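**Q** This is the content of target-v2.cif (mmCIF, C-alpha atoms and all ligand atoms):
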```cif
data_structure
#
loop_
_atom_site.label_atom_id
_atom_site.label_comp_id
_atom_site.auth_asym_id
_atom_site.auth_seq_id
_atom_site.Cartn_x
_atom_site.Cartn_y
_atom_site.Cartn_z
CA MET A 16 -17.62 -31.47 2.61
CA LYS A 17 -16.93 -29.18 -0.32
CA LEU A 18 -14.51 -26.35 0.48
CA LEU A 19 -13.65 -23.27 -1.50
CA VAL A 20 -10.14 -22.22 -0.49
CA THR A 21 -8.87 -18.89 -1.77
CA GLY A 22 -5.16 -18.07 -2.06
CA GLY A 23 -4.34 -21.78 -2.08
CA ALA A 24 -1.26 -21.25 -4.25
CA GLY A 25 0.41 -19.03 -1.66
CA PHE A 26 2.53 -20.00 1.33
CA ILE A 27 -0.06 -20.85 3.99
CA GLY A 28 -2.88 -21.63 1.55
CA SER A 29 -0.85 -24.30 -0.27
CA ASN A 30 0.28 -25.85 3.01
CA PHE A 31 -3.39 -25.89 4.08
CA VAL A 32 -4.62 -27.51 0.85
CA LEU A 33 -1.93 -30.22 1.12
CA TYR A 34 -2.78 -30.75 4.82
CA MET A 35 -6.52 -31.08 4.14
CA ILE A 36 -6.19 -33.39 1.12
CA LYS A 37 -4.00 -35.69 3.19
CA LYS A 38 -6.25 -35.61 6.25
CA TYR A 39 -9.64 -35.64 4.50
CA PRO A 40 -9.10 -37.25 1.07
CA GLU A 41 -12.89 -37.48 0.67
CA TYR A 42 -13.40 -33.69 0.90
CA LYS A 43 -13.71 -31.75 -2.32
CA ILE A 44 -11.43 -28.70 -2.49
CA ILE A 45 -11.62 -25.90 -5.04
CA ASN A 46 -8.57 -23.68 -4.91
CA VAL A 47 -9.21 -20.17 -6.24
CA ASP A 48 -6.10 -18.06 -6.72
CA ALA A 49 -5.23 -15.13 -8.97
CA LEU A 50 -1.61 -16.34 -9.18
CA THR A 51 -0.02 -13.02 -8.31
CA TYR A 52 3.76 -12.91 -7.84
CA ALA A 53 3.18 -14.78 -4.54
CA GLY A 54 1.12 -17.64 -5.96
CA ASN A 55 2.92 -20.70 -7.20
CA LEU A 56 1.18 -23.83 -8.41
CA GLU A 57 4.49 -25.64 -8.14
CA ASN A 58 3.68 -25.91 -4.40
CA LEU A 59 0.74 -28.18 -5.25
CA ARG A 60 2.35 -30.35 -7.88
CA SER A 61 2.03 -33.45 -5.67
CA ILE A 62 -1.80 -33.27 -5.77
CA GLU A 63 -2.24 -32.29 -9.42
CA GLY A 64 -4.82 -34.64 -10.90
CA HIS A 65 -6.25 -35.65 -7.49
CA THR A 66 -9.94 -36.40 -8.15
CA ASN A 67 -11.17 -34.21 -5.28
CA TYR A 68 -8.96 -31.20 -5.98
CA SER A 69 -9.42 -28.52 -8.62
CA PHE A 70 -7.82 -25.18 -9.33
CA VAL A 71 -9.51 -22.06 -10.73
CA LYS A 72 -7.48 -18.99 -11.63
CA ALA A 73 -9.58 -16.02 -10.53
CA ASP A 74 -9.43 -12.78 -8.59
CA ILE A 75 -11.45 -12.86 -5.37
CA ALA A 76 -12.76 -9.39 -6.21
CA ASP A 77 -14.21 -10.65 -9.52
CA LYS A 78 -17.79 -11.65 -8.74
CA THR A 79 -18.53 -12.72 -12.31
CA ALA A 80 -15.65 -15.18 -12.29
CA LEU A 81 -16.53 -16.58 -8.86
CA GLU A 82 -20.29 -16.89 -9.13
CA PRO A 83 -20.29 -20.08 -11.27
CA LEU A 84 -18.34 -21.79 -8.46
CA PHE A 85 -21.03 -20.90 -5.91
CA ALA A 86 -24.04 -21.31 -8.21
CA PRO A 87 -24.48 -25.11 -7.88
CA GLY A 88 -25.20 -24.34 -4.20
CA ASP A 89 -23.04 -27.16 -2.85
CA ILE A 90 -20.17 -25.27 -1.21
CA ASP A 91 -20.12 -25.92 2.53
CA ALA A 92 -17.39 -23.53 3.57
CA VAL A 93 -15.18 -20.73 2.24
CA LEU A 94 -11.70 -20.34 3.71
CA ASN A 95 -10.23 -17.00 2.71
CA PHE A 96 -6.43 -17.04 2.62
CA ALA A 97 -6.10 -14.86 -0.51
CA ALA A 98 -4.47 -11.56 0.26
CA GLU A 99 -1.71 -9.19 -0.54
CA SER A 100 0.43 -10.14 2.43
CA HIS A 101 3.72 -8.27 2.48
CA VAL A 102 3.96 -5.19 4.72
CA ASP A 103 6.81 -3.61 2.73
CA ARG A 104 4.80 -3.81 -0.48
CA SER A 105 1.81 -2.23 1.28
CA ILE A 106 3.97 0.79 2.10
CA LEU A 107 4.83 1.16 -1.59
CA HIS A 108 1.38 0.31 -3.04
CA PRO A 109 -1.47 0.45 -0.52
CA GLU A 110 -4.17 0.50 -3.21
CA ILE A 111 -3.81 -3.16 -4.22
CA PHE A 112 -4.12 -4.12 -0.54
CA VAL A 113 -7.45 -2.33 -0.28
CA GLN A 114 -8.59 -3.87 -3.56
CA THR A 115 -7.75 -7.49 -2.72
CA ASN A 116 -7.94 -7.63 1.04
CA ILE A 117 -11.04 -5.50 1.55
CA LEU A 118 -13.03 -5.53 -1.71
CA GLY A 119 -12.05 -9.13 -2.43
CA THR A 120 -13.24 -10.25 0.99
CA GLN A 121 -16.49 -8.32 0.59
CA THR A 122 -17.12 -10.01 -2.77
CA LEU A 123 -16.63 -13.43 -1.17
CA LEU A 124 -18.91 -12.47 1.70
CA ASP A 125 -21.66 -11.39 -0.70
CA LEU A 126 -21.50 -14.67 -2.61
CA SER A 127 -21.34 -16.68 0.62
CA LYS A 128 -24.47 -14.91 1.84
CA GLN A 129 -26.27 -15.26 -1.48
CA TYR A 130 -25.58 -19.02 -1.66
CA ASN A 131 -26.10 -19.74 2.06
CA ILE A 132 -22.77 -21.33 2.81
CA ASN A 133 -22.42 -22.94 6.25
CA LYS A 134 -19.12 -21.37 7.30
CA PHE A 135 -16.87 -18.51 6.25
CA VAL A 136 -13.39 -18.63 7.78
CA GLN A 137 -11.37 -15.43 7.45
CA VAL A 138 -7.65 -16.09 7.84
CA SER A 139 -6.38 -12.97 9.51
CA THR A 140 -3.31 -11.82 11.37
CA ASP A 141 -2.21 -10.63 14.80
CA GLU A 142 -0.96 -7.49 13.05
CA VAL A 143 -4.51 -6.07 13.19
CA TYR A 144 -3.92 -5.47 16.92
CA GLY A 145 -0.98 -3.12 16.28
CA THR A 146 2.11 -3.31 18.43
CA LEU A 147 2.98 -4.33 22.00
CA GLY A 148 5.53 -2.92 24.42
CA ASP A 149 7.92 -5.17 26.32
CA THR A 150 5.12 -7.02 28.09
CA GLY A 151 1.57 -8.20 27.48
CA LEU A 152 -0.13 -10.42 24.93
CA PHE A 153 -2.80 -9.88 22.28
CA THR A 154 -6.12 -11.47 23.27
CA GLU A 155 -9.26 -11.60 21.15
CA GLU A 156 -10.48 -8.60 23.18
CA THR A 157 -7.48 -6.39 22.31
CA PRO A 158 -8.76 -3.39 20.32
CA LEU A 159 -7.81 -3.31 16.65
CA ALA A 160 -5.08 -0.71 16.05
CA PRO A 161 -3.38 -1.59 12.76
CA ASN A 162 -0.28 0.41 11.88
CA SER A 163 0.57 -0.54 8.30
CA PRO A 164 -1.56 -0.37 5.15
CA TYR A 165 -1.36 -4.20 5.12
CA SER A 166 -2.69 -4.64 8.65
CA ALA A 167 -5.26 -1.87 8.14
CA SER A 168 -6.61 -3.66 5.08
CA LYS A 169 -6.76 -6.96 7.02
CA ALA A 170 -8.53 -5.20 9.90
CA GLY A 171 -11.02 -3.70 7.43
CA ALA A 172 -11.72 -7.18 6.08
CA ASP A 173 -12.16 -8.58 9.60
CA LEU A 174 -14.71 -5.88 10.39
CA LEU A 175 -16.67 -6.66 7.23
CA VAL A 176 -16.67 -10.36 8.12
CA ARG A 177 -17.96 -9.48 11.57
CA ALA A 178 -20.60 -7.18 10.08
CA TYR A 179 -21.91 -9.87 7.69
CA HIS A 180 -22.40 -12.06 10.75
CA GLU A 181 -24.11 -9.37 12.83
CA THR A 182 -26.20 -7.92 10.00
CA PHE A 183 -27.02 -10.94 7.84
CA GLY A 184 -26.39 -13.85 10.19
CA LEU A 185 -23.62 -15.28 7.99
CA PRO A 186 -21.87 -18.07 9.93
CA ILE A 187 -18.30 -16.89 10.31
CA ASN A 188 -15.06 -17.30 12.21
CA ILE A 189 -11.96 -15.15 12.13
CA THR A 190 -8.52 -16.54 12.98
CA ARG A 191 -5.67 -14.19 13.90
CA CYS A 192 -2.34 -15.91 13.71
CA SER A 193 1.19 -14.81 14.48
CA ASN A 194 4.13 -15.08 12.05
CA ASN A 195 4.32 -18.40 10.22
CA TYR A 196 7.41 -20.20 9.01
CA GLY A 197 7.82 -23.37 6.97
CA PRO A 198 8.08 -24.65 3.41
CA TYR A 199 6.88 -22.71 0.34
CA GLN A 200 7.19 -19.22 1.80
CA PHE A 201 7.92 -16.60 -0.83
CA PRO A 202 11.52 -15.39 -0.41
CA GLU A 203 10.66 -11.77 0.38
CA LYS A 204 9.72 -12.77 3.94
CA LEU A 205 12.34 -12.83 6.68
CA ILE A 206 13.29 -16.52 6.96
CA PRO A 207 13.49 -17.59 3.28
CA LEU A 208 15.01 -14.23 2.33
CA MET A 209 17.81 -14.65 4.84
CA ILE A 210 18.41 -18.28 3.87
CA GLN A 211 18.61 -17.34 0.22
CA ASN A 212 21.01 -14.44 0.80
CA ALA A 213 23.19 -16.43 3.18
CA LEU A 214 23.51 -19.27 0.66
CA GLN A 215 24.79 -16.73 -1.88
CA ASP A 216 27.04 -14.99 0.70
CA LYS A 217 25.04 -11.78 0.15
CA PRO A 218 24.42 -9.27 2.98
CA LEU A 219 21.46 -10.11 5.21
CA PRO A 220 19.41 -6.91 5.54
CA VAL A 221 18.00 -6.61 9.06
CA TYR A 222 15.68 -3.70 9.82
CA GLY A 223 16.63 -1.13 12.50
CA ASP A 224 18.31 -2.62 15.56
CA GLY A 225 17.05 -6.13 14.78
CA LEU A 226 15.28 -6.32 18.12
CA ASN A 227 11.70 -6.34 16.85
CA VAL A 228 9.97 -9.38 18.31
CA ARG A 229 7.73 -11.81 16.43
CA ASP A 230 5.90 -14.86 17.78
CA TRP A 231 6.74 -17.71 15.37
CA LEU A 232 4.49 -20.64 14.51
CA TYR A 233 5.19 -23.58 12.20
CA VAL A 234 2.78 -23.37 9.27
CA GLU A 235 1.34 -26.86 9.83
CA ASP A 236 0.32 -25.84 13.34
CA HIS A 237 -1.56 -22.91 11.80
CA CYS A 238 -3.24 -25.34 9.37
CA SER A 239 -4.39 -27.61 12.22
CA ALA A 240 -5.83 -24.56 14.02
CA ILE A 241 -7.83 -23.54 10.94
CA ASP A 242 -9.01 -27.14 10.51
CA LEU A 243 -10.35 -27.08 14.09
CA VAL A 244 -12.00 -23.69 13.65
CA LEU A 245 -13.64 -24.88 10.43
CA HIS A 246 -15.13 -27.93 12.11
CA LYS A 247 -15.70 -26.78 15.67
CA GLY A 248 -15.41 -22.97 15.84
CA ARG A 249 -18.31 -21.30 17.62
CA ASN A 250 -20.29 -19.22 15.19
CA GLY A 251 -19.23 -15.55 15.13
CA GLU A 252 -16.08 -16.06 17.21
CA VAL A 253 -12.53 -14.84 16.73
CA TYR A 254 -9.65 -17.20 17.60
CA ASN A 255 -6.07 -16.09 18.12
CA VAL A 256 -3.41 -18.60 17.06
CA GLY A 257 0.19 -18.50 18.27
CA GLY A 258 2.89 -20.75 19.63
CA ASN A 259 4.53 -18.73 22.44
CA ASN A 260 7.74 -18.53 20.48
CA GLU A 261 8.84 -14.95 20.79
CA ARG A 262 12.14 -14.27 19.08
CA THR A 263 13.87 -11.08 17.98
CA ASN A 264 14.49 -10.82 14.25
CA VAL A 265 18.24 -10.85 14.78
CA HIS A 266 17.98 -14.04 16.84
CA VAL A 267 16.17 -15.75 13.95
CA VAL A 268 18.79 -14.52 11.50
CA LYS A 269 21.68 -15.72 13.69
CA THR A 270 20.08 -19.19 13.95
CA ILE A 271 19.96 -19.36 10.16
CA LEU A 272 23.60 -18.31 9.82
CA GLU A 273 24.64 -20.85 12.42
CA GLU A 274 22.73 -23.66 10.70
CA LEU A 275 24.25 -22.76 7.35
CA GLY A 276 27.76 -22.35 8.76
CA LYS A 277 27.94 -18.72 7.62
CA PRO A 278 29.47 -15.81 9.58
CA ASP A 279 27.44 -13.19 11.53
CA THR A 280 29.36 -10.54 9.56
CA LEU A 281 26.85 -11.07 6.74
CA ILE A 282 24.26 -9.26 8.89
CA THR A 283 23.74 -5.70 7.63
CA TYR A 284 21.51 -3.39 9.64
CA VAL A 285 19.40 -1.27 7.28
CA LYS A 286 17.08 1.72 7.76
CA ASP A 287 14.07 0.64 9.75
CA ARG A 288 10.75 -0.12 8.07
CA LEU A 289 8.31 2.82 8.31
CA GLY A 290 5.85 2.32 11.17
CA HIS A 291 7.62 -0.91 12.14
CA ASP A 292 5.67 -2.69 14.91
CA ARG A 293 8.00 -3.48 17.81
CA ARG A 294 6.54 -6.62 19.28
CA TYR A 295 3.78 -9.12 18.57
CA ALA A 296 2.82 -11.88 21.02
CA ILE A 297 -0.32 -13.97 21.10
CA ASP A 298 -2.48 -15.31 23.90
CA ALA A 299 -3.88 -18.47 22.30
CA ASP A 300 -5.71 -19.76 25.40
CA LYS A 301 -9.13 -19.52 23.78
CA ILE A 302 -8.41 -21.89 20.89
CA ARG A 303 -6.45 -24.21 23.19
CA ASN A 304 -9.16 -24.37 25.85
CA GLU A 305 -12.27 -24.26 23.66
CA LEU A 306 -11.17 -26.30 20.68
CA GLY A 307 -8.30 -28.32 22.14
CA TRP A 308 -5.69 -26.96 19.72
CA GLN A 309 -2.11 -28.00 20.45
CA PRO A 310 0.85 -26.94 18.32
CA GLN A 311 3.05 -29.92 17.46
CA TYR A 312 6.30 -28.33 16.32
CA PRO A 313 8.69 -26.82 18.86
CA TYR A 314 10.35 -23.73 17.39
CA GLU A 315 13.94 -24.93 17.79
CA SER A 316 13.43 -28.10 15.72
CA GLY A 317 10.84 -26.52 13.38
CA ILE A 318 13.18 -23.77 12.30
CA LYS A 319 15.98 -26.24 11.62
CA GLU A 320 13.65 -28.48 9.63
CA THR A 321 12.54 -25.43 7.64
CA ILE A 322 16.12 -24.42 6.87
CA ARG A 323 16.79 -27.97 5.65
CA TRP A 324 13.68 -27.82 3.45
CA TYR A 325 14.97 -24.69 1.70
CA LEU A 326 18.39 -26.29 1.29
CA ASN A 327 16.77 -29.32 -0.32
CA ASN A 328 14.59 -27.18 -2.56
CA THR A 329 16.98 -24.66 -4.01
CA GLU A 330 15.37 -25.12 -7.44
CA TRP A 331 12.03 -23.95 -6.02
CA MET A 332 13.77 -20.99 -4.40
CA GLU A 333 15.51 -20.03 -7.65
CA GLN A 334 12.33 -20.29 -9.65
CA VAL A 335 10.23 -18.08 -7.40
CA ALA A 336 13.09 -15.68 -6.82
CA SER A 337 13.49 -14.92 -10.53
CA GLY A 338 11.46 -12.48 -12.64
CA SER A 339 9.23 -9.93 -11.00
CA TYR A 340 10.55 -10.67 -7.53
CA GLN A 341 14.07 -9.77 -8.59
CA GLN A 342 12.89 -6.43 -9.89
CA TYR A 343 11.03 -5.76 -6.66
CA TYR A 344 14.02 -6.72 -4.55
CA ASP A 345 16.24 -4.28 -6.44
CA THR A 346 13.84 -1.37 -5.81
CA GLN A 347 13.27 -2.32 -2.21
CA TYR A 348 16.88 -2.38 -1.13
CA LYS A 349 18.64 -0.14 -3.62
CA ASP A 350 19.02 2.81 -1.21
CA ARG A 351 19.93 0.83 1.84
P1 LIG B 1 1.07 -15.28 0.33
O1 LIG B 1 1.36 -13.89 -0.13
O2 LIG B 1 2.15 -16.29 0.34
O3 LIG B 1 -0.12 -15.88 -0.55
C1 LIG B 1 -1.23 -15.13 -0.94
C2 LIG B 1 -1.93 -15.88 -2.06
O4 LIG B 1 -3.11 -15.12 -2.41
C3 LIG B 1 -1.10 -16.02 -3.33
O5 LIG B 1 -1.22 -17.33 -3.84
C4 LIG B 1 -1.71 -15.01 -4.28
O6 LIG B 1 -1.61 -15.39 -5.64
C5 LIG B 1 -3.17 -15.01 -3.82
N1 LIG B 1 -3.86 -13.76 -4.15
C6 LIG B 1 -3.41 -12.49 -3.96
N2 LIG B 1 -4.33 -11.61 -4.41
C7 LIG B 1 -5.37 -12.35 -4.88
C8 LIG B 1 -6.64 -12.02 -5.44
N3 LIG B 1 -7.01 -10.74 -5.66
N4 LIG B 1 -7.48 -13.03 -5.80
C9 LIG B 1 -7.11 -14.32 -5.62
N5 LIG B 1 -5.92 -14.70 -5.09
C10 LIG B 1 -5.08 -13.71 -4.73
O7 LIG B 1 0.42 -15.10 1.76
P2 LIG B 1 0.50 -16.08 3.04
O8 LIG B 1 1.69 -15.73 3.83
O9 LIG B 1 0.28 -17.47 2.57
O10 LIG B 1 -0.77 -15.57 3.84
C11 LIG B 1 -2.06 -16.18 3.61
C12 LIG B 1 -3.07 -15.50 4.51
O11 LIG B 1 -2.70 -15.65 5.88
C13 LIG B 1 -3.19 -14.00 4.27
O12 LIG B 1 -4.53 -13.64 4.34
C14 LIG B 1 -2.38 -13.39 5.41
O13 LIG B 1 -2.90 -12.12 5.75
C15 LIG B 1 -2.62 -14.39 6.51
N6 LIG B 1 -1.55 -14.50 7.52
C16 LIG B 1 -0.25 -14.70 7.15
C17 LIG B 1 0.73 -14.86 8.12
C18 LIG B 1 2.18 -15.14 7.76
O14 LIG B 1 3.03 -15.20 8.65
N7 LIG B 1 2.51 -15.34 6.51
C19 LIG B 1 0.39 -14.79 9.47
C20 LIG B 1 -0.96 -14.57 9.81
C21 LIG B 1 -1.90 -14.45 8.82
#
```
Could you rewrite the structure in this file as structure tokens?
**A**
Amino acid sequence: MKLLVTGGAGFIGSNFVLYMIKKYPEYKIINVDALTYAGNLENLRSIEGHTNYSFVKADIADKTALEPLFAPGDIDAVLNFAAESHVDRSILHPEIFVQTNILGTQTLLDLSKQYNINKFVQVSTDEVYGTLGDTGLFTEETPLAPNSPYSASKAGADLLVRAYHETFGLPINITRCSNNYGPYQFPEKLIPLMIQNALQDKPLPVYGDGLNVRDWLYVEDHCSAIDLVLHKGRNGEVYNVGGNNERTNVHVVKTILEELGKPDTLITYVKDRLGHDRRYAIDADKIRNELGWQPQYPYESGIKETIRWYLNNTEWMEQVASGSYQQYYDTQYKDR
């Protein structure tokens, strides 16, 4: 198989490329990534020079740059991870989210249709469903009701993917996964951000009352789900992915402090995020029952392993946390 993976230098994309190269060393993988602030080729250093892996720096909305990759006509599947992915940034700059997440996806869909690829997998998020109250789970039938510019742009992309299937018969699947944690996550997201601050004895900014609930999944379990969908997903179907690990944000933060031997007094409650979704929780029965997906990493050990990874990779943390991220961080939290 020859796969075109977009966003492969980001958190989940790089974990997926590493997972696939290890599991299917005979597959050819082209990683297309624009290397925004969130893309880091350092994540893929261990496979640099691998005969079946190549990297192309390109924007997924740039058809001229992408067409030569499709033109030989030998790409079997496109897996679209590339996205602007941070909700807080989408509140500050929605336009780049529309550009990458919607127009970029449409460009990939056009090329996939033109060159008759066999499968287009759109890596989406449970955030397209909006927010839950204290009970209930998102199923694949839950209506889309995105609340942030990020989730709205992902929902827009999902609808285009669906439309290319209905209108043009493009073979597609959409996966909608809950919050991921694991190695190589950019330190603006909750878990690496809190680890980094705690290590430096800086305040740990927690939004609102800290009781927003997220359903956490170890990134490798997300990768195995996408692998299954790629190979066995029924054409045109959506698959929710989640590990039944609902935790409040403050619970996650306290686990980190406990693991690092730091005091809870570092927790600082800050003004809530605008439009902050209260609770996400996934019903993943469809992918479990239809495709036999089983997550392998229990949350309690996965989170501890992840904390250890960041402790053992402080150089990586420092490198990605420097430069443009630092500037962003200052703007983001200066009034809080
Ligand atoms: P990330 O921000 O870590 O990585 C995104 C990658 O996309 C980066 O390497 C970046 O350089 C690249 N990129 C951005 N704009 C691009 C463009 N115009 N052209 C080419 N490349 C571009 O994101 P992530 O957390 O790894 O998320 C990957 C995908 O999974 C996203 O589509 C996201 O919506 C989805 N998702 C994420 C989570 C999560 O918890 N992180 C959960 C569910 C779904």
**Q** For region 36-82 of chain A versus region 239-259 of chain A, which residues have an atom no more than 12 Å away, and what is each residue's nearest atom pair and distance in Å rounded to one decimal, using all atoms listed in the file, chain-then-number order, as JSON lines?
**A**
```
{"residue": "A:Ile36", "atom": "CA", "partner": "A:Asp242", "partner_atom": "CA", "distance": 11.6}
{"residue": "A:Lys38", "atom": "CA", "partner": "A:Asp242", "partner_atom": "CA", "distance": 9.9}
{"residue": "A:Tyr39", "atom": "CA", "partner": "A:Asp242", "partner_atom": "CA", "distance": 10.4}
```
**Q** Report as a list in words all protein, DNA and RNA residues lying within 9 Å of Glu235 (chain A), evaluated on only C-alpha atoms, omitting residues in the same chain fewer than 5 positions from it.
**A**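 Near Glu235 (chain A), the qualifying residues are Ile27, Asn30, Phe31, Tyr34, Asn195, Gly197, Ala240, Pro310, Gln311 and Tyr312 of chain A.
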**Q** With a distance cut-off of 10 Å and all atoms listed in the file, select the neighbouring residues of region 45-61 of chain A, excluding the residue or stretch itself and same-chain residues fewer than 4 positions from it, and output the selection as a VMD selection string.
**A** chain A and resid 17 to 26 28 to 30 32 to 33 65 67 to 76 81 84 90 93 to 101 198 to 203 331 334 to 336 338 to 340
**Q** Closest to ligand LIG 1 (chain B) among A:Arg288, A:Arg104, A:Lys134, A:Lys277, using only C-alpha atoms and all ligand atoms?
**A**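 Checking each candidate against ligand LIG 1 (chain B), we get A:Arg104 as the closest.
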**Q** To one decimal place, how far is CA of Trp324 (chain A) from atom N1 of ligand LIG 1 (chain B) in Å?
**A**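 So the two atoms, CA of Trp324 (chain A) and atom N1 of ligand LIG 1 (chain B), lie 23.7 Å apart.
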**Q** Let me make sure I understand: among A:Asn162, A:Asn133, A:Thr120, A:Thr154, which one has the smallest atom-to-atom distance to ligand LIG 1 (chain B) if we use all atoms listed in the file?
**A**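 Once distances to ligand LIG 1 (chain B) are computed over all atoms listed in the file, the minimum belongs to A:Thr120.
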**Q** Would you give the centre and edge lengths, in Å to one decimal, of a box along x, y and z around the listed atoms of ligand LIG 1 (chain B), with 4 Å added to each side, as lines of an AutoDock Vina configuration file?
**A**
```
center_x = -2.2
center_y = -14.1
center_z = 2.0
size_x = 18.5
size_y = 14.7
size_z = 23.6
```
**Q** Taking into account only C-alpha atoms and all ligand atoms, which residue in the set A:Leu147, A:Ala160, A:Ile302, A:Ala170 is nearest to ligand LIG 1 (chain B)?
**A** A:Ala170
**Q** Generate the missing atoms of region 126-146 of chain A up to N, CA and C atoms and report them as a PDB file, in the coordinates of the input.
**A**
```pdb
ATOM      1  N   LEU A 126     -21.155 -13.394  -1.967  1.00  0.00           N
ATOM      2  CA  LEU A 126     -21.500 -14.670  -2.610  1.00  0.00           C
ATOM      3  C   LEU A 126     -21.833 -15.728  -1.552  1.00  0.00           C
ATOM      4  N   SER A 127     -21.102 -15.693  -0.439  1.00  0.00           N
ATOM      5  CA  SER A 127     -21.340 -16.680   0.620  1.00  0.00           C
ATOM      6  C   SER A 127     -22.731 -16.482   1.219  1.00  0.00           C
ATOM      7  N   LYS A 128     -23.134 -15.231   1.322  1.00  0.00           N
ATOM      8  CA  LYS A 128     -24.470 -14.910   1.840  1.00  0.00           C
ATOM      9  C   LYS A 128     -25.536 -15.326   0.828  1.00  0.00           C
ATOM     10  N   GLN A 129     -25.294 -14.964  -0.422  1.00  0.00           N
ATOM     11  CA  GLN A 129     -26.270 -15.260  -1.480  1.00  0.00           C
ATOM     12  C   GLN A 129     -26.511 -16.766  -1.607  1.00  0.00           C
ATOM     13  N   TYR A 130     -25.449 -17.568  -1.453  1.00  0.00           N
ATOM     14  CA  TYR A 130     -25.580 -19.020  -1.660  1.00  0.00           C
ATOM     15  C   TYR A 130     -25.604 -19.801  -0.344  1.00  0.00           C
ATOM     16  N   ASN A 131     -25.857 -19.086   0.765  1.00  0.00           N
ATOM     17  CA  ASN A 131     -26.100 -19.740   2.060  1.00  0.00           C
ATOM     18  C   ASN A 131     -25.047 -20.751   2.479  1.00  0.00           C
ATOM     19  N   ILE A 132     -23.795 -20.374   2.381  1.00  0.00           N
ATOM     20  CA  ILE A 132     -22.770 -21.330   2.810  1.00  0.00           C
ATOM     21  C   ILE A 132     -22.832 -21.504   4.336  1.00  0.00           C
ATOM     22  N   ASN A 133     -22.291 -22.614   4.813  1.00  0.00           N
ATOM     23  CA  ASN A 133     -22.420 -22.940   6.250  1.00  0.00           C
ATOM     24  C   ASN A 133     -21.329 -22.335   7.116  1.00  0.00           C
ATOM     25  N   LYS A 134     -20.211 -21.947   6.497  1.00  0.00           N
ATOM     26  CA  LYS A 134     -19.120 -21.370   7.300  1.00  0.00           C
ATOM     27  C   LYS A 134     -18.188 -20.541   6.425  1.00  0.00           C
ATOM     28  N   PHE A 135     -17.855 -19.355   6.907  1.00  0.00           N
ATOM     29  CA  PHE A 135     -16.870 -18.510   6.250  1.00  0.00           C
ATOM     30  C   PHE A 135     -15.724 -18.310   7.233  1.00  0.00           C
ATOM     31  N   VAL A 136     -14.538 -18.813   6.894  1.00  0.00           N
ATOM     32  CA  VAL A 136     -13.390 -18.630   7.780  1.00  0.00           C
ATOM     33  C   VAL A 136     -12.453 -17.583   7.178  1.00  0.00           C
ATOM     34  N   GLN A 137     -12.274 -16.498   7.896  1.00  0.00           N
ATOM     35  CA  GLN A 137     -11.370 -15.430   7.450  1.00  0.00           C
ATOM     36  C   GLN A 137     -10.020 -15.648   8.120  1.00  0.00           C
ATOM     37  N   VAL A 138      -8.991 -15.854   7.296  1.00  0.00           N
ATOM     38  CA  VAL A 138      -7.650 -16.090   7.840  1.00  0.00           C
ATOM     39  C   VAL A 138      -6.967 -14.746   8.015  1.00  0.00           C
ATOM     40  N   SER A 139      -6.920 -14.303   9.256  1.00  0.00           N
ATOM     41  CA  SER A 139      -6.380 -12.970   9.510  1.00  0.00           C
ATOM     42  C   SER A 139      -5.074 -13.062  10.302  1.00  0.00           C
ATOM     43  N   THR A 140      -4.661 -11.938  10.827  1.00  0.00           N
ATOM     44  CA  THR A 140      -3.310 -11.820  11.370  1.00  0.00           C
ATOM     45  C   THR A 140      -3.315 -11.080  12.702  1.00  0.00           C
ATOM     46  N   ASP A 141      -2.342 -11.377  13.537  1.00  0.00           N
ATOM     47  CA  ASP A 141      -2.210 -10.630  14.800  1.00  0.00           C
ATOM     48  C   ASP A 141      -1.842  -9.168  14.559  1.00  0.00           C
ATOM     49  N   GLU A 142      -1.394  -8.866  13.330  1.00  0.00           N
ATOM     50  CA  GLU A 142      -0.960  -7.490  13.050  1.00  0.00           C
ATOM     51  C   GLU A 142      -2.120  -6.499  13.128  1.00  0.00           C
ATOM     52  N   VAL A 143      -3.362  -6.996  13.073  1.00  0.00           N
ATOM     53  CA  VAL A 143      -4.510  -6.070  13.190  1.00  0.00           C
ATOM     54  C   VAL A 143      -4.554  -5.412  14.564  1.00  0.00           C
ATOM     55  N   TYR A 144      -3.897  -6.028  15.559  1.00  0.00           N
ATOM     56  CA  TYR A 144      -3.920  -5.470  16.920  1.00  0.00           C
ATOM     57  C   TYR A 144      -2.881  -4.370  17.120  1.00  0.00           C
ATOM     58  N   GLY A 145      -2.008  -4.161  16.128  1.00  0.00           N
ATOM     59  CA  GLY A 145      -0.980  -3.120  16.280  1.00  0.00           C
ATOM     60  C   GLY A 145       0.260  -3.675  16.943  1.00  0.00           C
ATOM     61  N   THR A 146       0.831  -2.902  17.850  1.00  0.00           N
ATOM     62  CA  THR A 146       2.110  -3.310  18.430  1.00  0.00           C
ATOM     63  C   THR A 146       2.019  -3.370  19.953  1.00  0.00           C
TER      64      THR A 146
END
```
